[in-house]
>>> print(open('coords-v5.cif').read())   # mmCIF, C-alpha atoms
data_input
loop_
_atom_site.label_atom_id
_atom_site.label_comp_id
_atom_site.auth_asym_id
_atom_site.auth_seq_id
_atom_site.Cartn_x
_atom_site.Cartn_y
_atom_site.Cartn_z
CA MET A 1 247.37 -2.02 -73.56
CA ARG A 2 244.81 0.51 -74.73
CA HIS A 3 241.67 -0.83 -76.38
CA VAL A 4 241.61 -0.03 -80.13
CA PRO A 5 238.03 0.08 -81.51
CA PHE A 6 239.02 -1.42 -84.88
CA PHE A 7 235.66 -2.97 -85.75
CA ARG A 8 233.89 0.21 -84.70
CA TRP A 9 235.84 2.15 -87.31
CA VAL A 10 235.16 -0.55 -89.91
CA LEU A 11 231.44 -0.30 -89.16
CA THR A 12 231.58 3.50 -89.37
CA LEU A 13 233.33 3.36 -92.75
CA GLY A 14 230.72 0.91 -94.02
CA PHE A 15 227.90 3.23 -92.94
CA VAL A 16 229.59 6.21 -94.65
CA LEU A 17 229.94 4.34 -97.95
CA PHE A 18 226.37 3.06 -97.68
CA ALA A 19 225.10 6.60 -97.02
CA CYS A 20 227.03 7.93 -100.05
CA ALA A 21 225.46 5.26 -102.27
CA VAL A 22 221.99 6.12 -101.00
CA GLY A 23 222.73 9.80 -101.63
CA LEU A 24 223.74 9.12 -105.23
CA TYR A 25 220.61 7.08 -105.84
CA ALA A 26 218.49 9.85 -104.32
CA ALA A 27 220.20 12.48 -106.50
CA ASP A 28 219.50 10.43 -109.61
CA SER A 29 215.86 10.03 -108.64
CA ALA A 30 215.55 13.81 -108.18
CA LEU A 31 216.47 14.58 -111.83
CA PRO A 32 213.69 15.87 -114.08
CA GLU A 33 211.76 13.38 -116.17
CA ALA A 34 213.09 12.79 -119.67
CA ARG A 35 212.10 10.81 -122.77
CA GLN A 36 214.19 9.34 -125.52
CA ILE A 37 214.11 11.03 -128.94
CA ASP A 38 215.87 10.63 -132.31
CA LEU A 39 218.59 13.06 -133.33
CA THR A 40 219.85 13.95 -136.75
CA VAL A 41 223.65 14.21 -136.66
CA LEU A 42 224.65 17.15 -138.86
CA ASP A 43 228.38 16.97 -138.20
CA GLU A 44 230.49 14.52 -136.23
CA LYS A 45 234.14 14.28 -135.24
CA PRO A 46 236.06 11.06 -134.45
CA ASP A 47 236.02 11.79 -130.68
CA GLY A 48 232.22 11.91 -130.67
CA SER A 49 231.80 15.67 -130.65
CA CYS A 50 228.91 16.43 -132.93
CA ARG A 51 226.19 18.88 -133.84
CA VAL A 52 222.66 17.54 -133.81
CA ARG A 53 219.13 18.59 -134.79
CA TRP A 54 215.86 17.60 -133.15
CA ILE A 55 212.25 18.73 -132.99
CA ASP A 56 211.18 20.52 -129.80
CA PRO A 57 207.50 19.62 -129.28
CA TYR A 58 207.08 22.29 -126.61
CA GLU A 59 208.27 25.24 -128.66
CA LYS A 60 207.11 23.52 -131.84
CA ARG A 61 210.28 24.21 -133.74
CA THR A 62 213.43 22.52 -134.95
CA ARG A 63 216.46 23.10 -132.75
CA GLU A 64 220.19 22.53 -133.13
CA ALA A 65 222.87 22.16 -130.45
CA SER A 66 226.24 20.63 -129.70
CA TYR A 67 226.12 17.12 -128.32
CA HIS A 68 228.45 14.25 -127.51
CA CYS A 69 227.56 11.30 -129.70
CA ASP A 70 228.60 7.76 -129.04
CA PRO A 71 231.75 7.25 -131.15
CA GLY A 72 231.50 3.49 -130.74
CA ARG A 73 228.12 3.06 -132.37
CA SER A 74 227.85 1.25 -135.70
CA ASP A 75 229.26 2.94 -138.80
CA LEU A 76 225.89 2.35 -140.46
CA LEU A 77 224.48 5.03 -138.17
CA LYS A 78 227.15 7.57 -139.10
CA ALA A 79 227.49 9.81 -142.12
CA PRO A 80 227.79 9.28 -144.98
CA GLN A 81 226.48 5.71 -144.80
CA TYR A 82 223.29 6.51 -142.92
CA ASP A 83 221.63 8.58 -145.63
CA SER A 84 222.40 10.31 -148.88
CA ARG A 85 222.30 13.78 -147.33
CA GLY A 86 225.47 13.13 -145.32
CA HIS A 87 223.69 13.00 -141.97
CA GLY A 88 224.01 10.46 -139.19
CA TRP A 89 221.66 9.16 -136.51
CA GLU A 90 221.80 9.18 -132.73
CA THR A 91 219.42 9.06 -129.79
CA ALA A 92 219.26 11.27 -126.68
CA PHE A 93 216.99 12.08 -123.76
CA MET A 94 214.98 15.29 -123.83
CA LEU A 95 213.82 16.93 -120.59
CA THR A 96 210.04 16.97 -120.28
CA GLU A 97 209.53 19.14 -117.19
CA GLY A 98 210.94 22.17 -115.49
CA PRO A 99 212.31 25.35 -117.04
CA GLN A 100 214.76 23.34 -119.16
CA ARG A 101 212.13 21.19 -120.85
CA GLY A 102 212.80 20.63 -124.51
CA ASN A 103 216.59 20.68 -123.94
CA LEU A 104 218.74 17.63 -124.31
CA GLU A 105 219.84 15.96 -121.07
CA ASP A 106 223.51 16.62 -120.36
CA LEU A 107 225.03 13.22 -119.79
CA ALA A 108 228.10 14.80 -118.16
CA THR A 109 226.00 15.93 -115.17
CA GLU A 110 224.48 12.52 -114.54
CA HIS A 111 225.67 10.36 -111.68
CA ASP A 112 227.29 7.19 -112.80
CA PRO A 113 225.10 4.36 -111.44
CA VAL A 114 228.19 2.15 -111.44
CA SER A 115 229.73 4.40 -108.74
CA ALA A 116 226.65 4.12 -106.54
CA ASP A 117 226.56 0.35 -107.00
CA PHE A 118 230.27 0.10 -106.21
CA LEU A 119 229.86 2.11 -102.99
CA LEU A 120 226.90 -0.03 -101.99
CA LEU A 121 228.73 -3.28 -102.67
CA LEU A 122 231.77 -2.06 -100.73
CA GLY A 123 229.88 -0.56 -97.79
CA THR A 124 227.56 -3.50 -97.13
CA PRO A 125 230.28 -6.11 -96.40
CA LEU A 126 232.18 -3.56 -94.29
CA MET A 127 229.09 -3.04 -92.14
CA ALA A 128 228.63 -6.80 -91.83
CA LEU A 129 232.31 -7.22 -90.87
CA GLY A 130 232.08 -4.45 -88.26
CA LEU A 131 228.94 -5.87 -86.67
CA LEU A 132 230.15 -9.47 -86.65
CA GLY A 133 233.70 -8.69 -85.54
CA GLY A 134 232.53 -6.27 -82.86
CA ASN A 135 230.10 -8.80 -81.41
CA LEU A 136 232.69 -11.58 -81.43
CA ARG A 137 235.20 -9.27 -79.77
CA ALA A 138 232.66 -8.28 -77.12
CA LEU A 139 231.66 -11.89 -76.43
CA PRO A 140 234.40 -12.55 -73.80
CA ARG A 141 233.37 -9.37 -71.99
CA ILE A 142 229.72 -10.40 -72.07
CA LEU A 143 230.59 -13.82 -70.67
CA GLY A 144 232.60 -12.14 -67.91
CA VAL A 145 229.52 -10.53 -66.38
CA GLN A 146 228.83 -12.13 -62.96
CA LYS A 147 225.92 -10.08 -61.69
CA ARG A 148 224.50 -12.77 -59.37
CA LEU A 149 227.88 -13.56 -57.82
CA ILE A 150 228.58 -9.86 -57.16
CA HIS A 151 225.14 -9.55 -55.58
CA ARG A 152 225.81 -12.53 -53.28
CA ALA A 153 229.18 -11.10 -52.27
CA ASN A 154 227.62 -7.71 -51.53
CA LYS A 155 224.94 -9.40 -49.44
CA LEU A 156 227.54 -11.34 -47.44
CA ALA A 157 229.58 -8.15 -46.88
CA ALA A 158 226.45 -6.29 -45.76
CA THR A 159 225.53 -9.08 -43.31
CA ALA A 160 229.05 -9.15 -41.86
CA THR A 161 229.13 -5.34 -41.62
CA SER A 162 225.80 -5.35 -39.80
CA ALA A 163 227.11 -7.83 -37.23
CA VAL A 164 230.28 -5.77 -36.70
CA GLU A 165 228.31 -2.54 -36.29
CA ASP A 166 225.87 -4.14 -33.86
CA TYR A 167 228.75 -5.43 -31.73
CA GLU A 168 230.54 -2.08 -31.79
CA ARG A 169 227.27 -0.37 -30.84
CA ALA A 170 226.84 -2.72 -27.89
CA VAL A 171 230.41 -2.10 -26.73
CA ALA A 172 229.92 1.66 -27.13
CA ALA A 173 226.81 1.40 -24.95
CA VAL A 174 228.90 -0.23 -22.21
CA GLU A 175 231.55 2.50 -22.48
CA GLU A 176 228.95 5.25 -22.38
CA ALA A 177 227.18 3.71 -19.38
CA GLY A 178 230.54 3.20 -17.62
CA ARG A 179 231.13 6.97 -17.63
CA HIS A 180 228.07 7.51 -15.45
CA ASP A 181 227.69 4.24 -13.60
CA VAL A 182 229.74 1.61 -11.80
CA LEU A 183 229.02 -1.98 -10.97
CA PRO A 184 227.54 -2.25 -7.47
CA HIS A 185 229.25 -4.37 -4.85
CA GLY A 186 227.87 -7.75 -3.99
CA THR A 187 224.68 -8.89 -5.65
CA ASP A 188 222.80 -5.60 -5.27
CA SER A 189 222.14 -4.41 -8.83
CA GLY A 190 220.42 -1.17 -7.89
CA SER A 191 217.07 -0.09 -9.18
CA ASN A 192 218.06 0.55 -12.80
CA SER A 193 221.72 0.15 -13.75
CA GLN A 194 222.35 1.03 -17.41
CA LEU A 195 225.83 -0.46 -17.18
CA ILE A 196 224.49 -3.82 -16.04
CA THR A 197 221.88 -3.76 -18.83
CA ALA A 198 224.52 -2.97 -21.46
CA LEU A 199 226.76 -5.77 -20.15
CA TRP A 200 223.80 -8.15 -20.10
CA VAL A 201 223.29 -7.65 -23.86
CA LEU A 202 226.88 -8.73 -24.54
CA ARG A 203 226.67 -11.54 -21.98
CA GLU A 204 223.50 -12.89 -23.64
CA ALA A 205 225.17 -12.75 -27.05
CA GLY A 206 228.00 -14.84 -25.64
CA PRO A 207 231.75 -14.87 -26.27
CA GLN A 208 231.11 -15.94 -29.86
CA ALA A 209 229.72 -12.46 -30.61
CA ARG A 210 233.12 -10.86 -30.06
CA LYS A 211 234.88 -13.47 -32.18
CA THR A 212 232.28 -13.25 -34.90
CA ALA A 213 232.55 -9.44 -34.97
CA ALA A 214 236.34 -9.60 -35.25
CA PHE A 215 236.05 -12.25 -37.95
CA GLY A 216 233.46 -10.18 -39.84
CA ARG A 217 235.65 -7.07 -39.66
CA ASN A 218 238.51 -8.83 -41.45
CA LEU A 219 236.17 -10.49 -43.91
CA THR A 220 234.51 -7.22 -44.93
CA ASP A 221 237.91 -5.61 -45.50
CA GLN A 222 238.79 -8.42 -47.92
CA LEU A 223 235.40 -8.43 -49.62
CA HIS A 224 235.30 -4.67 -50.12
CA GLN A 225 238.70 -4.69 -51.85
CA LEU A 226 237.68 -7.59 -54.08
CA LEU A 227 234.32 -5.99 -54.84
CA ASN A 228 236.06 -2.79 -55.94
CA ASP A 229 238.25 -4.78 -58.34
CA ALA A 230 235.28 -6.86 -59.55
CA ALA A 231 233.02 -3.81 -60.13
CA PRO A 232 233.21 -4.03 -63.98
CA ALA A 233 231.82 -7.58 -63.84
CA ALA A 234 228.63 -6.37 -62.14
CA GLY A 235 226.93 -5.37 -65.40
CA LEU A 236 227.11 -5.68 -69.17
CA ARG A 237 227.59 -1.96 -69.78
CA SER A 238 230.43 -1.58 -67.29
CA MET A 239 232.12 -4.73 -68.65
CA LEU A 240 231.95 -3.44 -72.24
CA GLN A 241 233.39 -0.07 -71.20
CA ALA A 242 236.23 -1.55 -69.13
CA GLY A 243 239.72 -1.81 -70.57
CA PRO A 244 241.77 -5.01 -70.80
CA VAL A 245 243.59 -4.39 -67.48
CA ALA A 246 240.35 -3.70 -65.60
CA ARG A 247 238.73 -6.80 -67.09
CA LEU A 248 241.71 -8.94 -66.05
CA LYS A 249 241.57 -7.62 -62.49
CA ALA A 250 237.81 -8.15 -62.45
CA ALA A 251 238.20 -11.77 -63.56
CA GLN A 252 240.78 -12.44 -60.84
CA ALA A 253 238.62 -10.73 -58.20
CA VAL A 254 235.55 -12.71 -59.28
CA ALA A 255 237.50 -15.96 -58.92
CA GLU A 256 238.54 -15.03 -55.36
CA LEU A 257 235.01 -13.90 -54.48
CA ARG A 258 233.66 -17.24 -55.67
CA LEU A 259 236.06 -19.06 -53.30
CA HIS A 260 235.20 -16.75 -50.39
CA LEU A 261 231.49 -17.37 -50.93
CA SER A 262 232.05 -21.10 -51.13
CA VAL A 263 233.94 -21.10 -47.81
CA ALA A 264 231.38 -18.79 -46.19
CA GLU A 265 228.42 -20.95 -47.22
CA ARG A 266 230.19 -24.15 -46.21
CA ASN A 267 230.86 -22.74 -42.73
CA GLY A 268 227.44 -21.12 -42.38
CA LEU A 269 228.85 -17.61 -42.00
CA PRO A 270 225.77 -15.72 -43.25
CA GLU A 271 223.63 -17.43 -40.62
CA ARG A 272 226.25 -16.79 -37.90
CA PHE A 273 226.44 -13.08 -38.73
CA ALA A 274 222.66 -12.79 -38.83
CA GLN A 275 222.27 -14.63 -35.50
CA THR A 276 224.92 -12.42 -33.87
CA SER A 277 223.02 -9.30 -34.96
CA VAL A 278 219.81 -10.73 -33.52
CA ASP A 279 221.51 -11.57 -30.21
CA LEU A 280 223.02 -8.08 -29.98
CA LEU A 281 219.67 -6.40 -30.58
CA ARG A 282 218.37 -7.63 -27.24
CA GLY A 283 217.54 -4.91 -24.77
CA GLN A 284 215.40 -2.75 -27.02
CA ASP A 285 212.61 -3.11 -24.45
CA ALA A 286 214.39 -1.22 -21.67
CA ASP A 287 212.13 -2.31 -18.80
CA LEU A 288 212.27 -6.02 -19.59
CA ALA A 289 215.99 -5.86 -20.35
CA ALA A 290 216.72 -4.06 -17.06
CA LEU A 291 214.73 -6.66 -15.10
CA ALA A 292 216.46 -9.57 -16.86
CA ALA A 293 219.89 -7.94 -16.42
CA ALA A 294 219.32 -7.30 -12.69
CA THR A 295 218.26 -10.91 -12.13
CA ASP A 296 221.22 -12.27 -14.08
CA PHE A 297 223.69 -9.97 -12.30
CA ALA A 298 222.40 -11.06 -8.92
CA GLY A 299 223.08 -14.65 -9.90
CA ASP A 300 226.65 -14.14 -11.18
CA PRO A 301 228.15 -10.68 -10.48
CA VAL A 302 231.71 -11.99 -10.98
CA ALA A 303 231.00 -12.77 -14.63
CA TYR A 304 229.88 -9.18 -15.20
CA ARG A 305 233.02 -7.76 -13.62
CA HIS A 306 235.15 -10.11 -15.70
CA LEU A 307 233.35 -9.07 -18.89
CA LEU A 308 233.74 -5.39 -18.06
CA THR A 309 237.45 -5.94 -17.44
CA GLN A 310 237.83 -7.61 -20.84
CA LEU A 311 236.09 -4.76 -22.62
CA THR A 312 238.13 -2.05 -20.89
CA ARG A 313 241.49 -3.85 -21.04
CA PRO A 314 243.96 -1.60 -22.95
CA GLY A 315 245.70 -3.07 -26.00
CA ASP A 316 243.22 -5.94 -26.37
CA THR A 317 243.28 -6.28 -30.13
CA HIS A 318 242.74 -10.00 -30.47
CA THR A 319 241.07 -10.74 -33.78
CA GLU A 320 240.50 -13.78 -35.86
CA ARG A 321 241.02 -13.83 -39.59
CA PRO A 322 238.63 -15.49 -42.01
CA PRO A 323 239.80 -18.70 -43.62
CA ARG A 324 241.69 -18.07 -46.83
CA PRO A 325 240.04 -19.31 -50.02
CA GLY A 326 241.34 -22.77 -50.78
CA HIS A 327 241.90 -23.63 -47.10
CA CYS A 328 238.46 -24.97 -46.32
CA ASN A 329 239.60 -27.16 -43.45
CA ARG A 330 239.68 -24.15 -41.11
CA THR A 331 236.46 -23.50 -39.28
CA ALA A 332 234.79 -20.13 -38.85
CA PRO A 333 233.74 -18.89 -35.40
#
>>> encode(input="coords-v5.cif", output="structure tokens")
Amino acid sequence: MRHVPFFRWVLTLGFVLFACAVGLYAADSALPEARQIDLTVLDEKPDGSCRVRWIDPYEKRTREASYHCDPGRSDLLKAPQYDSRGHGWETAFMLTEGPQRGNLEDLATEHDPVSADFLLLLGTPLMALGLLGGNLRALPRILGVQKRLIHRANKLAATATSAVEDYERAVAAVEEAGRHDVLPHGTDSGSNSQLITALWVLREAGPQARKTAAFGRNLTDQLHQLLNDAAPAAGLRSMLQAGPVARLKAAQAVAELRLHLSVAERNGLPERFAQTSVDLLRGQDADLAALAAATDFAGDPVAYRHLLTQLTRPGDTHTERPPRPGHCNRTAP
């Protein structure tokens, strides 16, 4: 189901109404200054249309103009009860600045403050609803962020990958040396046999290195798939941008990663992978490695031939799979 940003639209609408209210208030504040004056109502109709007279202090003369009087004001302020001349009384605001000073303020052009207040009262709760609802809706996604767990899983996958690559590099060294060298007969290792040195590295690492590499290869395949599914849970931003389906897959992947990590730590897999890499890095000092390999080969040449046969045996695809999460009774290599 596609994510509908309902609260985002509510928040946007609230901001629009709030901005309109601020605009109306700003427009009102930009009007020219005016002061209240008394008007003499010369003629008035029941709907409030009237003709008024006032004194313009700027032009120093008496002026007359049409005006809209308040028809609801007291009858005592209307003709003929106000005075004996048949005039009425009203008040208005006269502009005191700008080119229109001395004129009466046109009430029809004024912004109704009630409209601005209404927009403000409507926009403010909408903004509050959008912010509160959006945060509550985002809360499950925020709680779904598992940055530390993803980091631990990535670290375990990197350690396993390193062990696998080191083993494959050691095997490749044996294959490369086997193209140019053969194992000597008897216990004579020759002056500097690269094949014997390459086999010595694997022999020193022991049979567990091969099992650990095979185990790590399967484990990394599983972890990489789970890490791809759990990618949205690695950070707050990615979790907020993910859709419902991606968040569901991420939650399931995180649960499986947590079980994998629990099994790996219980069986000491990180330490095993790290130790295997260390064992397979032997032989970097070529002279010392060649001397140690020659001495070891002279002591047990049959073991070297057996190891070489195992590595070159066609169709040897024996691998071990990592224990499934939930089956902690199985032991790792």
>>> closest_atom_pairs(input="coords-v5.cif", of="region 257-292 of chain A", to="region 222-232 of chain A", cutoff="12 Å", atoms="only C-alpha atoms", output="Markdown table")
| residue | atom | partner | partner_atom | distance |
| --- | --- | --- | --- | --- |
| A:Leu257 | CA | A:Leu226 | CA | 6.9 |
| A:Arg258 | CA | A:Leu226 | CA | 10.6 |
| A:Leu259 | CA | A:Leu223 | CA | 11.3 |
| A:His260 | CA | A:Leu223 | CA | 8.4 |
| A:Leu261 | CA | A:Leu223 | CA | 9.8 |
| A:Ala264 | CA | A:Leu223 | CA | 11.6 |
>>> write_last_selection(input="coords-v5.cif", atoms="C-alpha atoms", output="compact mmCIF listing (two decimals), keeping the file's coordinate frame")
# COMPACT_ATOMS: atom_id res chain seq x y z
CA LEU A 257 235.01 -13.90 -54.48
CA ARG A 258 233.66 -17.24 -55.67
CA LEU A 259 236.06 -19.06 -53.30
CA HIS A 260 235.20 -16.75 -50.39
CA LEU A 261 231.49 -17.37 -50.93
CA ALA A 264 231.38 -18.79 -46.19
>>> residues_near_point(input="coords-v5.cif", point="(229.0, -9.8, -47.0)", cutoff="10 Å", atoms="all atoms listed in the file", output="number ranges by chain")
A: 151-162, 216, 219-224, 260-261, 264, 269-270, 273
>>> atom_distance(input="coords-v5.cif", atom1="CA of Ala26 (chain A)", atom2="CA of Thr96 (chain A)")
19.4 Å
>>> residues_around(input="coords-v5.cif", residues="region 77-84 of chain A", least_positions_apart="4", cutoff="10 Å", atoms="all atoms listed in the file", output="list in words")
Thr40, Val41, Leu42, Asp43, Glu44, Pro71, Arg73, Gly88, Trp89 and Glu90 of chain A
>>> closest_atom_pairs(input="coords-v5.cif", of="region 190-285 of chain A", to="region 1-24 of chain A", cutoff="9 Å", atoms="all atoms listed in the file", output="JSON lines")
{"residue": "A:Gly243", "atom": "CA", "partner": "A:His3", "partner_atom": "CA", "distance": 6.2}
{"residue": "A:Pro244", "atom": "CA", "partner": "A:Met1", "partner_atom": "CA", "distance": 6.9}
{"residue": "A:Val245", "atom": "CA", "partner": "A:Met1", "partner_atom": "CA", "distance": 7.5}
>>> residues_around(input="coords-v5.cif", residues="Glu59 (chain A)", least_positions_apart="4", cutoff="12 Å", atoms="all atoms listed in the file", output="PyMOL selection string")
chain A and resi 54-55+63+96+100-103
>>> atom_distance(input="coords-v5.cif", atom1="CA of Ser193 (chain A)", atom2="CA of Glu175 (chain A)")
13.4 Å
>>> resolve_selection(input="coords-v5.cif", expression="the PyMOL selection byres ((chain A and resi 278-281) around 10)", output="list in words")
Ala163, Glu165, Asp166, Tyr167, Glu168, Arg169, Ala170, Trp200, Val201, Leu202, Arg203, Glu204, Ala205, Gly206, Ala209, Arg272, Phe273, Ala274, Gln275, Thr276, Ser277, Arg282, Gly283, Gln284 and Asp285 of chain A
>>> atom_distance(input="coords-v5.cif", atom1="CA of Ala214 (chain A)", atom2="CA of Arg266 (chain A)")
19.2 Å
>>> residues_around(input="coords-v5.cif", residues="Val171 (chain A)", least_positions_apart="6", cutoff="9 Å", atoms="only C-alpha atoms", output="number ranges by chain")
A: 198-199, 202, 311
>>> decode(input="coords-v5.cif", residues="region 214-226 of chain A", atoms="N, CA and C atoms", output="PDB file, in the first residue's frame")
ATOM      1  N   ALA A 214      34.623 -22.412   3.987  1.00  0.00           N
ATOM      2  CA  ALA A 214      33.366 -22.854   3.394  1.00  0.00           C
ATOM      3  C   ALA A 214      32.184 -22.369   4.220  1.00  0.00           C
ATOM      4  N   PHE A 215      32.319 -22.435   5.519  1.00  0.00           N
ATOM      5  CA  PHE A 215      31.267 -21.960   6.420  1.00  0.00           C
ATOM      6  C   PHE A 215      31.055 -20.457   6.247  1.00  0.00           C
ATOM      7  N   GLY A 216      32.167 -19.693   6.173  1.00  0.00           N
ATOM      8  CA  GLY A 216      32.065 -18.250   6.004  1.00  0.00           C
ATOM      9  C   GLY A 216      31.457 -17.855   4.685  1.00  0.00           C
ATOM     10  N   ARG A 217      31.716 -18.659   3.627  1.00  0.00           N
ATOM     11  CA  ARG A 217      31.144 -18.352   2.310  1.00  0.00           C
ATOM     12  C   ARG A 217      29.626 -18.421   2.347  1.00  0.00           C
ATOM     13  N   ASN A 218      29.089 -19.446   2.973  1.00  0.00           N
ATOM     14  CA  ASN A 218      27.630 -19.576   3.092  1.00  0.00           C
ATOM     15  C   ASN A 218      27.048 -18.505   4.011  1.00  0.00           C
ATOM     16  N   LEU A 219      27.770 -18.206   5.083  1.00  0.00           N
ATOM     17  CA  LEU A 219      27.278 -17.202   6.023  1.00  0.00           C
ATOM     18  C   LEU A 219      27.213 -15.824   5.380  1.00  0.00           C
ATOM     19  N   THR A 220      28.235 -15.459   4.617  1.00  0.00           N
ATOM     20  CA  THR A 220      28.230 -14.138   3.979  1.00  0.00           C
ATOM     21  C   THR A 220      27.110 -14.026   2.951  1.00  0.00           C
ATOM     22  N   ASP A 221      26.821 -15.125   2.243  1.00  0.00           N
ATOM     23  CA  ASP A 221      25.703 -15.085   1.292  1.00  0.00           C
ATOM     24  C   ASP A 221      24.393 -14.762   2.011  1.00  0.00           C
ATOM     25  N   GLN A 222      24.187 -15.406   3.159  1.00  0.00           N
ATOM     26  CA  GLN A 222      22.962 -15.148   3.933  1.00  0.00           C
ATOM     27  C   GLN A 222      22.950 -13.731   4.495  1.00  0.00           C
ATOM     28  N   LEU A 223      24.081 -13.298   5.047  1.00  0.00           N
ATOM     29  CA  LEU A 223      24.134 -11.973   5.658  1.00  0.00           C
ATOM     30  C   LEU A 223      23.948 -10.863   4.628  1.00  0.00           C
ATOM     31  N   HIS A 224      24.550 -11.020   3.459  1.00  0.00           N
ATOM     32  CA  HIS A 224      24.426  -9.975   2.440  1.00  0.00           C
ATOM     33  C   HIS A 224      22.975  -9.810   1.985  1.00  0.00           C
ATOM     34  N   GLN A 225      22.255 -10.915   1.838  1.00  0.00           N
ATOM     35  CA  GLN A 225      20.845 -10.828   1.446  1.00  0.00           C
ATOM     36  C   GLN A 225      20.029 -10.142   2.543  1.00  0.00           C
ATOM     37  N   LEU A 226      20.285 -10.533   3.786  1.00  0.00           N
ATOM     38  CA  LEU A 226      19.550  -9.920   4.899  1.00  0.00           C
ATOM     39  C   LEU A 226      19.917  -8.448   5.061  1.00  0.00           C
TER      40      LEU A 226
END
